[in-house]
Amino acid sequence: MKTFQSIRKKAVLSLTFTFGLIFAVATALIYHLDMPLKYGLYVSLIVAGLQYLINPFIIELLFSINFERNIEYTDPRLYEFLEKTCAKLKMKMPKVGFIDDGNPNAFTYGHIPRNARIVLTTGLMDVLTEEELEAVVAHELGHIKNYDFILMTMVSVIPMVLYQIYVFTGRNRNNPTYIIGLMAYGAYILSQYTVLFYSRIREYYADDFAIRISDSSEALSSALIKIAYGFTKMENKKPIKANALGVINNLQSQGFVLNNYKALEKGEAIEKLIGWDTKSIWSKLYELNSTHPLTAKRIMAMKGKYIENARLSFKSIVSFIIEAVVNLLPYGICLIIALPNIRESLVWNKLFASVVIGVYKSFISNPINLSILGLALIVRHYFIYSKKHEASTIEELLIREDASPIKGISTVLEGTITGRGVPGLFYSEDFVLDDDTGIMILDYRQPLRILEFLFGAFKAEELIGQRVKVIGWYKRANRPYFVCKSIIMDGKKVICYSYYASKILAYGALVSGLIIYILRFL
């Protein structure tokens, strides 16, 4: 059990170096003092520079990384691969650290190739063959050799600069520069997606680097499939040949799925598993917000092929529209009831505030509007959180093509918690569950983020390694995951109150509006 003093120290230091907060405070201060635009640009460059310089320190502060393991003796083949590869590339061999966690993952960080570090989890070491492990390490070496630390820092400056232009040219609506400010805001939104797109491009470059090092795409392909979908329970540890999977299509990065080897040989489970990615509109939307490309696109790129998405069926389009409408229904209701009360002109920087004020005024003038919102929240709640939780396995869930990020599939899972959702992060509240048919992320949610932080920092460690029963809902977004309602261990129940908070808020709004309306006429 971690001590409170240790957690407090890490929390304070991590908060101190929250660069988004530093940027926001500095921008607000410069704006309040009415300083010239150039100072805002200086802030952008300084914050980006600080982030670049301090990030390695922050990573080692927040993550439990062990650099004491001497891979020359513990992992001689890996050491030999690194030594030969780095000598061939005329680069310094990076330090290799390990995170004791069952979540298979790998990443790299640093400033320049000479002080780079590669981090591997023990879960990754357990599930990959030696060839696959070398391919993953080669991918990380690609990031180092390609100077991605520096390039991504440079690209990240662009949104900050555009935001500063928006803020400082939008002070006076009567000034012609106000129009420039609005255009800069639009460019700022677009630039954030551009940064993500550039990050995905760097992943392709790192993949290409790994292939050139190993002279084959097979090991990296099978490693990506294992990491992205968690195909760890195989009857042998030979790399999977991509063409033996039956179909290779849009697999999602950072999802964790598991199937048995016989199902892989037939390719039947794979076809069903990837069906969601090729047929769902949600998969395309979620990739836009991801730093990594879809895994299948990476695999096909390794083979010099272009992957074509399956044609969208009428059923999938209708399903997407229904889910999107129901999910956005409360927000749509708020916008509709706010319109008569909006006094501010609907410009970008006033839209949210105008709607909030308009909704509040509509509740005051007509309490029935509150009940209407409550009714919309009730519809959304029961659509998202279906009942009748039935026992299932991860393997059975993964091949379901009706999964979505909105409408959950109510399920009960049993297995062992083997690691955290973010391996090595001291306050990660999510888990990885292994039920012997697969592994999957467990999404632990509470109404307030501070409750999730406290649970992750002080309680989550007690559940790792324990056999549990989990009640909740299976969903798919950029990776398959399971939203927890409760986690039961040795008769003790850990409750996630987001479900209950959603229900209370919905019925509370409905009943409160009716009561206030009745009282007004008594």
# chains A, B, ... in the order shown; residues from 1 in each chain; ligands from 1
>>> residues_around(residues="region 482-486 of chain A", least_positions_apart="3", cutoff="10 Å", atoms="only C-alpha atoms", output="number ranges by chain")
A: 385, 394, 397, 408-413, 430-433, 440-446, 469-476, 489, 493-500
>>> write_last_selection(atoms="N, CA and C atoms", output="CSV table (one decimal), in the first residue's frame")
chain,number,residue,atom,x,y,z
A,385,TYR,N,-27.5,2.2,-20.7
A,385,TYR,CA,-27.4,1.1,-19.7
A,385,TYR,C,-28.5,0.1,-19.8
A,394,ILE,N,-15.0,-13.0,-22.5
A,394,ILE,CA,-14.5,-11.9,-23.3
A,394,ILE,C,-14.4,-12.3,-24.8
A,397,LEU,N,-17.8,-11.8,-26.4
A,397,LEU,CA,-18.1,-10.4,-26.6
A,397,LEU,C,-17.4,-9.8,-27.8
A,408,GLY,N,-24.5,0.0,-24.5
A,408,GLY,CA,-23.7,-1.0,-23.9
A,408,GLY,C,-24.4,-2.4,-24.0
A,409,ILE,N,-23.6,-3.5,-24.0
A,409,ILE,CA,-24.1,-4.8,-23.9
A,409,ILE,C,-23.9,-5.3,-22.5
A,410,SER,N,-25.0,-5.5,-21.8
A,410,SER,CA,-25.0,-5.8,-20.3
A,410,SER,C,-24.5,-7.2,-20.1
A,411,THR,N,-23.4,-7.3,-19.3
A,411,THR,CA,-22.7,-8.6,-19.2
A,411,THR,C,-22.1,-8.8,-17.8
A,412,VAL,N,-21.9,-10.0,-17.4
A,412,VAL,CA,-21.1,-10.3,-16.2
A,412,VAL,C,-19.9,-11.1,-16.6
A,413,LEU,N,-18.7,-10.7,-16.2
A,413,LEU,CA,-17.5,-11.3,-16.5
A,413,LEU,C,-16.8,-11.8,-15.3
A,430,ASP,N,-8.3,2.4,-14.1
A,430,ASP,CA,-8.8,1.3,-14.9
A,430,ASP,C,-8.0,0.1,-14.7
A,431,PHE,N,-8.5,-1.1,-15.2
A,431,PHE,CA,-7.8,-2.4,-15.0
A,431,PHE,C,-7.8,-3.1,-16.3
A,432,VAL,N,-7.0,-4.2,-16.3
A,432,VAL,CA,-7.0,-5.2,-17.3
A,432,VAL,C,-7.5,-6.5,-16.7
A,433,LEU,N,-8.5,-7.1,-17.3
A,433,LEU,CA,-9.1,-8.4,-16.8
A,433,LEU,C,-8.7,-9.5,-17.8
A,440,MET,N,-9.2,-7.7,-21.4
A,440,MET,CA,-10.0,-6.5,-21.8
A,440,MET,C,-9.8,-5.4,-20.7
A,441,ILE,N,-9.9,-4.2,-21.2
A,441,ILE,CA,-9.8,-3.1,-20.3
A,441,ILE,C,-11.1,-2.9,-19.5
A,442,LEU,N,-11.0,-2.8,-18.2
A,442,LEU,CA,-12.1,-2.5,-17.4
A,442,LEU,C,-12.1,-1.0,-17.1
A,443,ASP,N,-13.2,-0.3,-17.5
A,443,ASP,CA,-13.3,1.2,-17.3
A,443,ASP,C,-14.0,1.5,-16.0
A,444,TYR,N,-13.2,1.9,-15.0
A,444,TYR,CA,-13.8,2.3,-13.7
A,444,TYR,C,-14.2,3.7,-13.7
A,445,ARG,N,-15.5,4.0,-13.5
A,445,ARG,CA,-16.0,5.4,-13.6
A,445,ARG,C,-16.7,5.8,-12.3
A,446,GLN,N,-16.4,7.1,-11.9
A,446,GLN,CA,-17.2,7.7,-10.8
A,446,GLN,C,-17.7,9.1,-11.3
A,469,LYS,N,-15.4,-10.8,-10.0
A,469,LYS,CA,-16.6,-10.9,-10.9
A,469,LYS,C,-17.0,-9.4,-11.2
A,470,VAL,N,-17.2,-9.1,-12.4
A,470,VAL,CA,-17.4,-7.7,-12.9
A,470,VAL,C,-18.8,-7.6,-13.6
A,471,ILE,N,-19.6,-6.7,-13.1
A,471,ILE,CA,-20.9,-6.5,-13.7
A,471,ILE,C,-20.9,-5.1,-14.4
A,472,GLY,N,-21.3,-5.1,-15.7
A,472,GLY,CA,-21.3,-3.9,-16.4
A,472,GLY,C,-21.7,-4.0,-17.8
A,473,TRP,N,-21.1,-3.2,-18.7
A,473,TRP,CA,-21.5,-3.1,-20.1
A,473,TRP,C,-20.3,-3.1,-21.0
A,474,TYR,N,-20.3,-4.0,-22.0
A,474,TYR,CA,-19.3,-4.1,-23.0
A,474,TYR,C,-19.5,-3.1,-24.1
A,475,LYS,N,-18.5,-2.3,-24.5
A,475,LYS,CA,-18.6,-1.3,-25.5
A,475,LYS,C,-17.4,-1.4,-26.4
A,476,ARG,N,-17.5,-0.8,-27.6
A,476,ARG,CA,-16.3,-0.6,-28.5
A,476,ARG,C,-16.2,0.8,-29.0
A,489,MET,N,-15.1,-8.9,-5.2
A,489,MET,CA,-13.9,-9.6,-4.8
A,489,MET,C,-14.1,-10.1,-3.4
A,493,LYS,N,-17.8,-5.6,-2.5
A,493,LYS,CA,-18.2,-5.0,-3.7
A,493,LYS,C,-17.6,-3.6,-3.9
A,494,VAL,N,-17.0,-3.3,-5.0
A,494,VAL,CA,-16.6,-2.0,-5.3
A,494,VAL,C,-17.6,-1.4,-6.3
A,495,ILE,N,-18.2,-0.3,-5.9
A,495,ILE,CA,-19.3,0.2,-6.8
A,495,ILE,C,-18.9,1.4,-7.6
A,496,CYS,N,-19.2,1.4,-8.8
A,496,CYS,CA,-19.0,2.6,-9.7
A,496,CYS,C,-20.3,3.4,-9.7
A,497,TYR,N,-20.3,4.6,-9.2
A,497,TYR,CA,-21.6,5.3,-9.0
A,497,TYR,C,-22.0,6.1,-10.2
A,498,SER,N,-21.3,6.1,-11.3
A,498,SER,CA,-21.7,6.9,-12.4
A,498,SER,C,-23.1,6.5,-13.0
A,499,TYR,N,-23.3,5.2,-12.9
A,499,TYR,CA,-24.6,4.6,-13.4
A,499,TYR,C,-25.7,5.2,-12.5
A,500,TYR,N,-25.5,5.2,-11.2
A,500,TYR,CA,-26.6,5.6,-10.3
A,500,TYR,C,-26.7,7.2,-10.4
>>> select_by_dssp(residues="region 344-417 of chain A", states="strand (DSSP E)", output="ChimeraX atom specification")
/A:390-391,409-417
>>> residues_around(residues="Ile417 (chain A)", least_positions_apart="2", cutoff="7 Å", atoms="only C-alpha atoms", output="number ranges by chain")
A: 415, 419, 431-434, 463-467
>>> atom_distance(atom1="CA of Ala477 (chain A)", atom2="CA of Lys284 (chain A)")
9.8 Å
>>> closest_residue(among="A:Asp126, A:Phe168, A:Tyr205, A:Ser280", to="Phe314 (chain A)", atoms="only C-alpha atoms")
A:Ser280
>>> closest_residue(among="A:Leu448, A:Ile488, A:Ile65, A:Val157", to="Leu120 (chain A)", atoms="only C-alpha atoms")
A:Ile65
